[in-house]
Every structure is written in C-alpha cells, then in structure tokens.
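Asks: My structure file coords-v9.tsv, TSV, C-alpha atoms, is below:
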```tsv
chain	number	residue	atom	x	y	z
D	1055	MET	CA	-40.70	20.22	-32.10
D	1056	GLY	CA	-37.29	18.88	-32.99
D	1057	GLY	CA	-34.81	17.53	-30.50
D	1058	GLY	CA	-32.08	15.01	-29.96
D	1059	LEU	CA	-30.67	12.75	-27.34
D	1060	VAL	CA	-28.55	14.41	-24.67
D	1061	ALA	CA	-25.50	12.35	-23.77
D	1062	ARG	CA	-25.40	11.40	-20.10
D	1063	THR	CA	-22.21	12.12	-18.21
D	1064	ARG	CA	-20.53	8.85	-17.41
D	1065	LEU	CA	-19.62	8.06	-13.81
D	1066	VAL	CA	-16.60	6.29	-12.32
D	1067	LEU	CA	-16.39	4.70	-8.90
D	1068	ALA	CA	-12.79	4.62	-7.68
D	1069	VAL	CA	-11.96	2.35	-4.75
D	1070	ASP	CA	-8.70	2.20	-2.81
D	1071	GLY	CA	-9.00	-0.72	-0.40
D	1072	GLY	CA	-6.11	-0.72	2.05
D	1073	ASN	CA	-4.98	-2.67	5.09
D	1074	SER	CA	-6.13	0.08	7.44
D	1075	LYS	CA	-8.90	1.92	5.54
D	1076	THR	CA	-10.99	1.90	2.38
D	1077	ASP	CA	-11.48	5.13	0.41
D	1078	VAL	CA	-13.95	5.65	-2.42
D	1079	ALA	CA	-14.51	8.51	-4.82
D	1080	VAL	CA	-17.35	9.06	-7.29
D	1081	LEU	CA	-16.35	11.19	-10.26
D	1082	SER	CA	-17.71	12.27	-13.58
D	1083	GLU	CA	-15.81	11.65	-16.78
D	1084	ASP	CA	-14.82	15.32	-16.89
D	1085	GLY	CA	-12.71	14.76	-13.75
D	1086	GLN	CA	-15.03	16.36	-11.21
D	1087	VAL	CA	-15.13	14.61	-7.81
D	1088	LEU	CA	-18.80	14.34	-6.89
D	1089	ALA	CA	-18.59	12.45	-3.59
D	1090	THR	CA	-16.11	10.65	-1.35
D	1091	GLY	CA	-16.33	8.20	1.52
D	1092	ARG	CA	-14.29	6.06	3.87
D	1093	ALA	CA	-14.73	2.79	5.76
D	1094	GLY	CA	-12.54	0.24	7.51
D	1095	ALA	CA	-9.87	-2.19	6.38
D	1096	PHE	CA	-10.24	-4.10	3.13
D	1097	ALA	CA	-9.09	-7.63	4.01
D	1098	PRO	CA	-10.45	-10.33	1.67
D	1099	GLN	CA	-7.78	-12.85	2.63
D	1100	ARG	CA	-8.79	-12.54	6.30
D	1101	ASP	CA	-12.52	-11.81	6.09
D	1102	GLY	CA	-13.52	-13.30	2.73
D	1103	VAL	CA	-14.37	-11.68	-0.58
D	1104	ALA	CA	-18.01	-10.88	0.20
D	1105	ALA	CA	-17.22	-9.26	3.56
D	1106	ALA	CA	-14.43	-7.21	1.99
D	1107	VAL	CA	-16.77	-5.86	-0.69
D	1108	ASP	CA	-19.26	-5.07	2.08
D	1109	VAL	CA	-16.63	-2.63	3.36
D	1110	ALA	CA	-16.51	-0.91	-0.04
D	1111	VAL	CA	-20.31	-0.60	0.07
D	1112	ALA	CA	-20.09	0.87	3.58
D	1113	ALA	CA	-17.60	3.46	2.30
D	1114	LEU	CA	-20.12	4.87	-0.19
D	1115	PRO	CA	-21.51	8.24	0.94
D	1116	ASP	CA	-24.91	8.10	2.64
D	1117	GLY	CA	-27.76	7.76	0.20
D	1118	LEU	CA	-25.56	6.72	-2.73
D	1119	PRO	CA	-26.58	3.33	-4.15
D	1120	ALA	CA	-23.99	0.67	-4.97
D	1121	GLY	CA	-24.80	0.82	-8.67
D	1122	GLY	CA	-25.23	2.99	-11.71
D	1123	PHE	CA	-21.53	3.44	-12.40
D	1124	ASP	CA	-20.22	3.18	-15.93
D	1125	HIS	CA	-16.88	1.92	-14.67
D	1126	VAL	CA	-15.51	0.67	-11.35
D	1127	SER	CA	-11.76	1.08	-10.85
D	1128	ALA	CA	-10.82	-0.84	-7.71
D	1129	CYS	CA	-7.24	-1.04	-6.43
D	1130	LEU	CA	-7.28	-3.39	-3.48
D	1131	ALA	CA	-5.09	-4.87	-0.78
D	1132	GLY	CA	-5.38	-8.64	-0.82
D	1133	ALA	CA	-5.73	-8.71	-4.60
D	1134	ASP	CA	-2.24	-10.16	-4.83
D	1135	LEU	CA	-2.81	-12.86	-7.46
D	1136	PRO	CA	-4.80	-12.80	-10.72
D	1137	VAL	CA	-7.28	-15.33	-9.32
D	1138	GLU	CA	-7.93	-13.00	-6.36
D	1139	GLU	CA	-8.43	-10.01	-8.66
D	1140	GLU	CA	-10.92	-12.04	-10.70
D	1141	ALA	CA	-12.87	-13.18	-7.64
D	1142	LEU	CA	-13.17	-9.62	-6.35
D	1143	ALA	CA	-14.21	-8.30	-9.77
D	1144	ARG	CA	-16.95	-10.94	-9.94
D	1145	GLU	CA	-18.23	-9.91	-6.51
D	1146	PHE	CA	-18.36	-6.22	-7.45
D	1147	ALA	CA	-20.19	-7.12	-10.67
D	1148	ALA	CA	-22.63	-9.41	-8.85
D	1149	ARG	CA	-23.55	-6.53	-6.51
D	1150	GLY	CA	-24.61	-4.48	-9.54
D	1151	PHE	CA	-21.96	-1.78	-9.18
D	1152	GLY	CA	-21.79	-1.42	-12.95
D	1153	PRO	CA	-21.16	-3.20	-16.25
D	1154	ASP	CA	-17.41	-2.65	-16.33
D	1155	VAL	CA	-15.26	-3.56	-13.31
D	1156	VAL	CA	-11.46	-3.66	-13.23
D	1157	VAL	CA	-9.72	-4.86	-10.06
D	1158	ARG	CA	-5.99	-4.35	-9.53
D	1159	ASN	CA	-3.64	-4.65	-6.59
D	1160	ASP	CA	-3.42	-1.46	-4.51
D	1161	THR	CA	0.20	-0.88	-5.56
D	1162	PHE	CA	-1.11	0.18	-9.00
D	1163	ALA	CA	-3.07	3.01	-7.35
D	1164	LEU	CA	0.05	4.23	-5.56
D	1165	LEU	CA	2.06	4.18	-8.78
D	1166	ARG	CA	-0.56	6.03	-10.82
D	1167	ALA	CA	-1.19	8.60	-8.08
D	1168	GLY	CA	2.45	9.38	-7.36
D	1169	ALA	CA	4.10	9.20	-10.79
D	1170	SER	CA	3.87	11.97	-13.37
D	1171	ALA	CA	3.44	9.37	-16.14
D	1172	ALA	CA	1.48	6.14	-16.46
D	1173	TRP	CA	4.62	4.06	-15.88
D	1174	GLY	CA	7.39	3.68	-13.32
D	1175	VAL	CA	7.92	1.72	-10.11
D	1176	ALA	CA	6.04	1.90	-6.82
D	1177	VAL	CA	7.04	0.45	-3.46
D	1178	VAL	CA	4.51	0.47	-0.64
D	1179	CYS	CA	5.67	-0.03	2.92
D	1180	GLY	CA	2.72	0.28	5.25
D	1181	ALA	CA	1.44	-2.59	7.37
D	1182	GLY	CA	3.17	-4.87	4.86
D	1183	ILE	CA	5.44	-4.39	1.86
D	1184	ASN	CA	4.95	-4.80	-1.87
D	1185	ALA	CA	6.02	-3.32	-5.19
D	1186	VAL	CA	4.99	-3.05	-8.81
D	1187	GLY	CA	6.74	-1.89	-11.96
D	1188	VAL	CA	5.23	-0.81	-15.27
D	1189	SER	CA	7.36	-0.05	-18.35
D	1190	PRO	CA	6.59	2.57	-20.99
D	1191	THR	CA	5.42	-0.28	-23.24
D	1192	GLY	CA	3.00	-1.58	-20.59
D	1193	ALA	CA	5.05	-4.56	-19.38
D	1194	VAL	CA	4.35	-5.31	-15.71
D	1195	VAL	CA	6.49	-6.74	-12.91
D	1196	ARG	CA	4.85	-7.67	-9.62
D	1197	PHE	CA	5.25	-10.03	-6.68
D	1198	PRO	CA	2.93	-12.50	-4.89
D	1199	ALA	CA	3.27	-10.42	-1.68
D	1200	LEU	CA	1.97	-13.17	0.61
D	1201	GLY	CA	4.35	-12.47	3.49
D	1202	ARG	CA	7.37	-14.47	4.55
D	1203	ILE	CA	6.23	-17.50	2.53
D	1204	SER	CA	6.73	-15.45	-0.63
D	1205	GLY	CA	10.03	-13.90	0.47
D	1206	ASP	CA	8.72	-10.62	1.88
D	1207	TRP	CA	10.07	-8.84	4.94
D	1208	GLY	CA	9.11	-5.57	6.52
D	1209	GLY	CA	6.34	-3.05	6.73
D	1210	GLY	CA	4.98	-1.97	10.08
D	1211	GLN	CA	3.87	-5.46	11.06
D	1212	GLY	CA	7.06	-7.19	9.97
D	1213	LEU	CA	9.27	-4.56	11.59
D	1214	ALA	CA	7.39	-4.89	14.87
D	1215	GLU	CA	7.49	-8.70	14.86
D	1216	GLU	CA	11.24	-8.54	14.43
D	1217	ALA	CA	11.50	-6.00	17.26
D	1218	LEU	CA	9.55	-8.39	19.49
D	1219	TRP	CA	11.91	-11.26	18.58
D	1220	HIS	CA	14.95	-9.20	19.57
D	1221	ALA	CA	13.29	-7.89	22.74
D	1222	VAL	CA	12.45	-11.39	23.97
D	1223	ARG	CA	16.02	-12.54	23.45
D	1224	ALA	CA	17.43	-9.42	25.10
D	1225	GLU	CA	15.25	-9.97	28.16
D	1226	ASP	CA	16.14	-13.63	28.69
D	1227	GLY	CA	19.83	-13.24	27.86
D	1228	ARG	CA	19.99	-14.88	24.43
D	1229	GLY	CA	20.43	-11.55	22.65
D	1230	ALA	CA	22.05	-8.16	22.96
D	1231	PRO	CA	20.47	-5.57	25.27
D	1232	THR	CA	18.15	-3.19	23.47
D	1233	ALA	CA	15.81	-0.32	24.21
D	1234	LEU	CA	13.15	-2.30	22.36
D	1235	THR	CA	12.35	-4.25	25.55
D	1236	GLY	CA	11.19	-1.09	27.26
D	1237	LEU	CA	9.36	0.06	24.15
D	1238	LEU	CA	7.26	-3.12	24.04
D	1239	THR	CA	6.44	-3.31	27.74
D	1240	ALA	CA	5.53	0.38	27.92
D	1241	HIS	CA	3.35	0.25	24.82
D	1242	PHE	CA	1.39	-2.82	25.89
D	1243	GLY	CA	1.44	-2.17	29.63
D	1244	THR	CA	3.13	-5.42	30.65
D	1245	ALA	CA	5.77	-5.97	33.31
D	1246	THR	CA	7.96	-8.05	30.99
D	1247	VAL	CA	8.23	-8.93	27.32
D	1248	GLU	CA	7.54	-12.55	28.27
D	1249	GLU	CA	4.19	-11.47	29.71
D	1250	LEU	CA	3.38	-9.80	26.38
D	1251	VAL	CA	4.37	-12.94	24.46
D	1252	ILE	CA	2.09	-15.09	26.61
D	1253	GLY	CA	-0.73	-12.59	26.08
D	1254	LEU	CA	-0.23	-12.85	22.33
D	1255	HIS	CA	-0.10	-16.65	22.53
D	1256	PHE	CA	-3.43	-16.91	24.33
D	1257	GLY	CA	-5.10	-14.18	22.28
D	1258	ARG	CA	-5.41	-11.71	25.15
D	1259	VAL	CA	-3.35	-9.27	23.07
D	1260	ASP	CA	-4.28	-8.75	19.42
D	1261	GLU	CA	-1.28	-9.62	17.26
D	1262	GLY	CA	-2.57	-7.12	14.71
D	1263	ARG	CA	-1.67	-4.33	17.13
D	1264	LEU	CA	2.04	-5.02	16.80
D	1265	HIS	CA	2.31	-2.64	13.84
D	1266	GLU	CA	1.66	0.21	16.31
D	1267	LEU	CA	5.27	-0.26	17.46
D	1268	ALA	CA	6.82	0.85	14.15
D	1269	PRO	CA	7.19	4.56	15.06
D	1270	GLY	CA	8.82	3.54	18.34
D	1271	VAL	CA	11.31	1.32	16.53
D	1272	LEU	CA	12.25	4.23	14.28
D	1273	ALA	CA	12.62	6.50	17.31
D	1274	ALA	CA	14.81	3.96	19.12
D	1275	ALA	CA	17.06	3.74	16.06
D	1276	ALA	CA	17.33	7.51	15.93
D	1277	GLY	CA	18.26	7.45	19.60
D	1278	GLY	CA	21.24	5.22	18.89
D	1279	ASP	CA	19.94	1.76	19.77
D	1280	ALA	CA	22.03	-0.63	17.69
D	1281	VAL	CA	19.40	-3.36	17.39
D	1282	ALA	CA	16.68	-0.93	16.29
D	1283	ALA	CA	19.09	0.71	13.84
D	1284	SER	CA	19.86	-2.69	12.29
D	1285	LEU	CA	16.13	-3.22	11.70
D	1286	VAL	CA	15.76	0.16	10.01
D	1287	GLU	CA	18.78	-0.61	7.84
D	1288	ARG	CA	17.22	-3.94	6.85
D	1289	GLN	CA	13.95	-2.19	6.04
D	1290	ALA	CA	15.77	0.25	3.76
D	1291	GLU	CA	17.47	-2.67	2.02
D	1292	GLU	CA	14.12	-4.41	1.41
D	1293	VAL	CA	12.65	-1.27	-0.15
D	1294	ILE	CA	15.68	-0.81	-2.37
D	1295	VAL	CA	15.87	-4.42	-3.51
D	1296	LEU	CA	12.19	-4.40	-4.53
D	1297	ALA	CA	12.69	-1.24	-6.59
D	1298	GLU	CA	15.98	-2.48	-8.06
D	1299	VAL	CA	14.52	-5.82	-9.11
D	1300	CYS	CA	11.53	-4.12	-10.76
D	1301	LEU	CA	13.84	-1.80	-12.68
D	1302	ARG	CA	16.18	-4.62	-13.72
D	1303	ARG	CA	13.39	-6.93	-14.88
D	1304	LEU	CA	11.84	-4.12	-16.92
D	1305	GLY	CA	15.19	-3.07	-18.40
D	1306	LEU	CA	14.92	0.39	-16.82
D	1307	LEU	CA	18.03	0.54	-14.62
D	1308	GLU	CA	19.72	2.85	-17.12
D	1309	THR	CA	16.58	4.92	-17.80
D	1310	PRO	CA	15.44	8.00	-15.86
D	1311	VAL	CA	12.39	6.73	-14.00
D	1312	GLU	CA	10.29	7.69	-11.01
D	1313	VAL	CA	10.12	5.30	-8.04
D	1314	VAL	CA	7.04	6.18	-6.01
D	1315	LEU	CA	7.33	5.46	-2.28
D	1316	GLY	CA	4.14	5.08	-0.26
D	1317	GLY	CA	2.69	3.59	2.89
D	1318	GLY	CA	2.99	4.91	6.42
D	1319	LEU	CA	6.61	3.92	7.03
D	1320	LEU	CA	7.81	5.80	3.95
D	1321	THR	CA	5.47	8.80	3.93
D	1322	ALA	CA	6.49	9.52	7.55
D	1323	ARG	CA	9.86	10.63	6.12
D	1324	ASP	CA	11.85	9.31	9.06
D	1325	PRO	CA	15.30	10.98	8.75
D	1326	LEU	CA	17.36	7.79	9.21
D	1327	LEU	CA	15.25	5.65	6.88
D	1328	THR	CA	15.11	8.43	4.29
D	1329	SER	CA	18.89	8.92	4.42
D	1330	LEU	CA	19.52	5.20	4.02
D	1331	LEU	CA	17.17	5.05	1.03
D	1332	ASP	CA	18.76	8.08	-0.64
D	1333	THR	CA	22.24	6.57	-0.26
D	1334	ARG	CA	21.21	3.19	-1.63
D	1335	PHE	CA	19.29	4.62	-4.58
D	1336	ALA	CA	22.35	6.72	-5.51
D	1337	LEU	CA	24.55	3.62	-5.48
D	1338	ARG	CA	22.25	0.98	-6.95
D	1339	ALA	CA	19.80	2.85	-9.18
D	1340	PRO	CA	21.31	6.29	-9.84
D	1341	ARG	CA	18.95	7.06	-12.74
D	1342	ALA	CA	15.91	6.50	-10.54
D	1343	LYS	CA	14.11	9.44	-8.95
D	1344	PRO	CA	12.49	8.54	-5.61
D	1345	VAL	CA	9.15	10.32	-5.14
D	1346	VAL	CA	7.32	10.17	-1.81
D	1347	ALA	CA	3.60	10.12	-2.55
D	1348	ASP	CA	1.84	13.10	-0.96
D	1349	VAL	CA	-1.58	12.33	-2.44
D	1350	PRO	CA	-4.08	9.63	-1.43
D	1351	PRO	CA	-3.89	6.41	-3.46
D	1352	VAL	CA	-7.59	6.67	-4.34
D	1353	LEU	CA	-6.46	9.36	-6.78
D	1354	GLY	CA	-4.54	6.64	-8.64
D	1355	ALA	CA	-7.61	4.42	-8.84
D	1356	ALA	CA	-9.61	7.40	-10.11
D	1357	LEU	CA	-7.01	8.28	-12.77
D	1358	LEU	CA	-6.99	4.69	-13.99
D	1359	GLY	CA	-10.77	4.86	-14.17
D	1360	LEU	CA	-10.77	8.05	-16.22
D	1361	GLU	CA	-8.19	6.59	-18.57
D	1362	ARG	CA	-10.40	3.53	-19.03
D	1363	LEU	CA	-13.15	5.86	-20.26
D	1364	GLY	CA	-10.75	7.69	-22.57
D	1365	ALA	CA	-11.15	10.94	-20.66
D	1366	SER	CA	-9.39	14.11	-21.78
D	1367	ASP	CA	-6.17	15.56	-20.40
D	1368	ALA	CA	-8.28	18.39	-18.98
D	1369	ALA	CA	-10.31	15.86	-17.01
D	1370	THR	CA	-7.25	14.22	-15.47
D	1371	ALA	CA	-5.79	17.63	-14.65
D	1372	ARG	CA	-9.04	18.64	-12.92
D	1373	LEU	CA	-8.97	15.42	-10.90
D	1374	ARG	CA	-5.36	15.91	-9.85
D	1375	ALA	CA	-6.07	19.51	-8.84
D	1376	HIS	CA	-8.75	18.24	-6.46
D	1377	TYR	CA	-6.28	16.02	-4.59
D	1378	ASP	CA	-2.95	17.83	-4.93
D	1379	PRO	CA	-1.76	19.23	-1.57
```
Rewrite the structure of this file - the entire thing - as structure tokens.
Replies:
Amino acid sequence: MGGGLVARTRLVLAVDGGNSKTDVAVLSEDGQVLATGRAGAFAPQRDGVAAAVDVAVAALPDGLPAGGFDHVSACLAGADLPVEEEALAREFAARGFGPDVVVRNDTFALLRAGASAAWGVAVVCGAGINAVGVSPTGAVVRFPALGRISGDWGGGQGLAEEALWHAVRAEDGRGAPTALTGLLTAHFGTATVEELVIGLHFGRVDEGRLHELAPGVLAAAAGGDAVAASLVERQAEEVIVLAEVCLRRLGLLETPVEVVLGGGLLTARDPLLTSLLDTRFALRAPRAKPVVADVPPVLGAALLGLERLGASDAATARLRAHYDP
C-alpha cells in the first residue's frame, strides 16, 4: 500500500503580557484560533523573570501543556531593553515552550494589532507610557521606558501620582485649591490627603492602587478643575511628543502614517484628552492618522507569529476576523 507523510499543522503561541493582565492565544498556521486564556499581571522587573513566565503558563487553557509550539511570539511588558528580551526568551525556551521563541516589548503587539500595515507608530498609555516606531524598511525607534529615570511621564500611575502631589499641596496651603483633594480622600476613605500619604508611607495603602484615580482625574478636568485640566493637557503633550519623535527619527513626518493609540487612558476616548490629541496631531504631525486600537494586543502578537511562519494572507485575514469587533 502506498502512502506519504502528512504535513502537521504548525502551531503558534501568542502571548501579550501586560501590566494588568496576560493574554495568550493558541493558533494554527492557517489563522484559526484554537484556544485562549488569561492570567494576572506580567511583571518581570518586579517579580523576576521566572515568576513572570509562570504567569504565562497559568494563562494557558486548562489541560494545555506549556510545549509543542512551533513558534512562540511573546510581546511583554517589562521587556524594555534587549537584555531583558533575551532573558525572557531564554526562560520560555528553558520551559520547553518550543524551538523558536521571539520576545518583543508589548508596544510591538499594539502596533501590529492596530495598524493596517506592518509599520507605523504606536503609543501606549495604560498604567505607564511607552512608544515604538517601525518604518516601511524595518527601521525601529524605541525608548528605554523605565519611568522618570528615563524621561517618561504619564500613564494611569504617573497621572495619579501627580494628582496626589497637587492634592497634598492644596490641602496644606502650598498649592492652588483643587477638586483632586476630595477625589483622593473619597476614593481611599481617608479624612485627609495627609492621612493617605502616611498610609502610603507605611505600606498600609498599596501605592500600586494609585492608578485607580486616573478616571477621576479625567472627570475632574471635564468638570472644570484647573489643576486636573493641566494634568490632562500634560498627558496629551507626552503622547504627542512620543509620536512626533518616532516619526521624526524615522523620517516619516511628511509621510501618511498610522499612529496607533492604546492603553486604558487612550482607549477610554475621554472627550477632553481626545480633543487635545486631535488638535496637537493636526498641528505637529498633520500627515499622521491617529487610530485608537479597538482590538486586543494579543492579536498583534499572533499576527507577528503567523508572519514568522510565512503564513498566507488568508491566514492573517482569518485571524483578524476572529478578533475584529
């Protein structure tokens, strides 16, 4: 009886490890999503590389082993420097996920998910802030994104820390009165902002919870509070300057290009922040087209994985159809 070898369908594991959650998707090379899962925050800089990869393992659907994948495409928060990407890739490989592992910063997932092409600029403004730019020739611009020590400002955590600074000064008389004092005391259930500060100092209040204040800061700005409005204006400026610098360094300021906006602060589409961004883009990067990402970033990691396997256009279209709203 004659016969031949039947080619096995290759499998991709896509991982989007974010500051608040970790999403995974298992897909076949024809673009079919076979399984998905979710776990907690991916935080290698806080928890260590091994513990962070444990979170990716926990995100795998029940009964699915952490192995047998032909390619792992992992776009991860905390993979801010090449040495960090390499350390995470080694850990994934050591766990036996598969023979081919590529780790990138999570901004690459946002860009690939939100842009219609494989190039453009992405700015993420969630708990923190970061950006990446990729030119049509494959040139890349990125930032260390290590917080204030690397020149960053903003995101939910940064916005809230600044709100706390202003609220303290308003309460003790060093600063202008602001509705932010009431926002902080009401949210954390303290009598005064000073009581909240002391709770943070002694660890009775988790500093990581400050990012919960971001929606309230936006609401206070919309309500006419001058201090809150100044913070929203500064946040808009930080988003714009990241995009503008990426475009300038890639030589794309005069080229029609998509700028993908992602992260909770930007996908919330706050009217004031959105209006400020639209005005600044029109003035400083008029050829740019801002695009708010309406799809999960894990789609970007999955698309990058399919492209690594040389998948067909039909496969990428099938994958996008699964995630498109």
Asks: Which one of D:Val1175, D:Leu1307, D:Ala1224, D:Ala1193 sits closest to Val1293 (chain D) if you count all atoms listed in the file?
Replies: D:Val1175
Asks: Counting all atoms listed in the file, which residues of region 1131-1175 of chain D sit at most 9 Å from some atom of region 1066-1090 of chain D, and what is each one's closest atom pair with its distance in Å to one decimal, listed by chain and rising residue number, as a tab-separated table?
Replies:
```
residue	atom	partner	partner_atom	distance
D:Ala1131	CA	D:Gly1072	CA	5.1
D:Gly1132	CA	D:Asn1073	CA	8.4
D:Phe1151	CA	D:Leu1067	CA	8.5
D:Asp1160	CA	D:Asp1070	CA	6.6
D:Ala1163	CA	D:Asp1070	CA	7.3
```
Asks: From the options D:Ala1282, D:Glu1292, D:Gly1180, D:Arg1338, which residue's atoms come nearest to Glu1308 (chain D), counting all atoms listed in the file?
Replies: D:Arg1338
Asks: Which residues of region 1058-1146 of chain D have any atom within 10 Å of an atom in region 1199-1215 of chain D when counting all atoms listed in the file, and what is the closest pair of atoms for each, with the distance in Å to one decimal? Order the rows by chain and rising number and write it as a Markdown table.
Replies:
```
| residue | atom | partner | partner_atom | distance |
| --- | --- | --- | --- | --- |
| D:Gln1099 | CA | D:Leu1200 | CA | 10.0 |
| D:Gly1132 | CA | D:Leu1200 | CA | 8.8 |
| D:Ala1133 | CA | D:Ala1199 | CA | 9.6 |
| D:Asp1134 | CA | D:Ala1199 | CA | 6.4 |
| D:Leu1135 | CA | D:Ala1199 | CA | 8.7 |
```
Asks: Could you build a table of the residues in region 1115-1190 of chain D lying no more than 12 Å from region 1256-1271 of chain D, giving for each the nearest pair of atoms and their separation in Å rounded to one decimal place, using only C-alpha atoms, ordered by chain and ascending residue number, as a Markdown table?
Replies:
```
| residue | atom | partner | partner_atom | distance |
| --- | --- | --- | --- | --- |
| D:Cys1179 | CA | D:Ala1268 | CA | 11.3 |
| D:Gly1180 | CA | D:His1265 | CA | 9.1 |
| D:Ala1181 | CA | D:His1265 | CA | 6.5 |
| D:Gly1182 | CA | D:His1265 | CA | 9.3 |
```
Asks: Which one is closest to Leu1353 (chain D): D:Asp1124, D:Asp1324, D:Glu1287, D:Asp1378? Count only C-alpha atoms.
Replies: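 Nearest candidate to Leu1353 (chain D) out of D:Asp1124, D:Asp1324, D:Glu1287, D:Asp1378: D:Asp1378.
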Asks: May I ask for the distance between CA of Gly1152 (chain D) and CA of Phe1123 (chain D), given in Å to one decimal place?
Replies: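 These two atoms are separated by 4.9 Å.
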Asks: Do you have the CA of Leu1296 (chain D)-CA of Leu1330 (chain D) distance handy?
Replies: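 Separation of CA of Leu1296 (chain D) and CA of Leu1330 (chain D): 14.8 Å.
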Asks: Rebuild N, CA and C atoms on region 1315-1329 of chain D, as a PDB file, keeping the file's coordinate frame?
Replies:
```
ATOM      1  N   LEU D1315       7.254   6.085  -3.598  1.00  0.00           N
ATOM      2  CA  LEU D1315       7.330   5.460  -2.280  1.00  0.00           C
ATOM      3  C   LEU D1315       6.071   5.831  -1.501  1.00  0.00           C
ATOM      4  N   GLY D1316       5.372   4.826  -0.989  1.00  0.00           N
ATOM      5  CA  GLY D1316       4.140   5.080  -0.260  1.00  0.00           C
ATOM      6  C   GLY D1316       3.970   4.141   0.913  1.00  0.00           C
ATOM      7  N   GLY D1317       2.899   4.340   1.667  1.00  0.00           N
ATOM      8  CA  GLY D1317       2.690   3.590   2.890  1.00  0.00           C
ATOM      9  C   GLY D1317       3.234   4.354   4.080  1.00  0.00           C
ATOM     10  N   GLY D1318       2.675   4.110   5.243  1.00  0.00           N
ATOM     11  CA  GLY D1318       2.990   4.910   6.420  1.00  0.00           C
ATOM     12  C   GLY D1318       4.442   4.988   6.790  1.00  0.00           C
ATOM     13  N   LEU D1319       5.201   3.882   6.649  1.00  0.00           N
ATOM     14  CA  LEU D1319       6.610   3.920   7.030  1.00  0.00           C
ATOM     15  C   LEU D1319       7.419   4.855   6.136  1.00  0.00           C
ATOM     16  N   LEU D1320       7.037   4.977   4.878  1.00  0.00           N
ATOM     17  CA  LEU D1320       7.810   5.800   3.950  1.00  0.00           C
ATOM     18  C   LEU D1320       7.300   7.237   3.880  1.00  0.00           C
ATOM     19  N   THR D1321       5.987   7.425   3.980  1.00  0.00           N
ATOM     20  CA  THR D1321       5.470   8.800   3.930  1.00  0.00           C
ATOM     21  C   THR D1321       5.746   9.557   5.225  1.00  0.00           C
ATOM     22  N   ALA D1322       6.125   8.840   6.305  1.00  0.00           N
ATOM     23  CA  ALA D1322       6.490   9.520   7.550  1.00  0.00           C
ATOM     24  C   ALA D1322       7.802  10.285   7.414  1.00  0.00           C
ATOM     25  N   ARG D1323       8.582   9.953   6.374  1.00  0.00           N
ATOM     26  CA  ARG D1323       9.860  10.630   6.120  1.00  0.00           C
ATOM     27  C   ARG D1323      10.791  10.606   7.327  1.00  0.00           C
ATOM     28  N   ASP D1324      10.912   9.464   7.953  1.00  0.00           N
ATOM     29  CA  ASP D1324      11.850   9.310   9.060  1.00  0.00           C
ATOM     30  C   ASP D1324      13.258   9.648   8.558  1.00  0.00           C
ATOM     31  N   PRO D1325      13.993  10.523   9.269  1.00  0.00           N
ATOM     32  CA  PRO D1325      15.300  10.980   8.750  1.00  0.00           C
ATOM     33  C   PRO D1325      16.289   9.844   8.492  1.00  0.00           C
ATOM     34  N   LEU D1326      16.392   8.874   9.413  1.00  0.00           N
ATOM     35  CA  LEU D1326      17.360   7.790   9.210  1.00  0.00           C
ATOM     36  C   LEU D1326      16.953   6.920   8.033  1.00  0.00           C
ATOM     37  N   LEU D1327      15.703   6.499   7.982  1.00  0.00           N
ATOM     38  CA  LEU D1327      15.250   5.650   6.880  1.00  0.00           C
ATOM     39  C   LEU D1327      15.385   6.376   5.551  1.00  0.00           C
ATOM     40  N   THR D1328      15.013   7.644   5.528  1.00  0.00           N
ATOM     41  CA  THR D1328      15.110   8.430   4.290  1.00  0.00           C
ATOM     42  C   THR D1328      16.553   8.552   3.828  1.00  0.00           C
ATOM     43  N   SER D1329      17.467   8.798   4.770  1.00  0.00           N
ATOM     44  CA  SER D1329      18.890   8.920   4.420  1.00  0.00           C
ATOM     45  C   SER D1329      19.432   7.610   3.875  1.00  0.00           C
TER      46      SER D1329
END
```
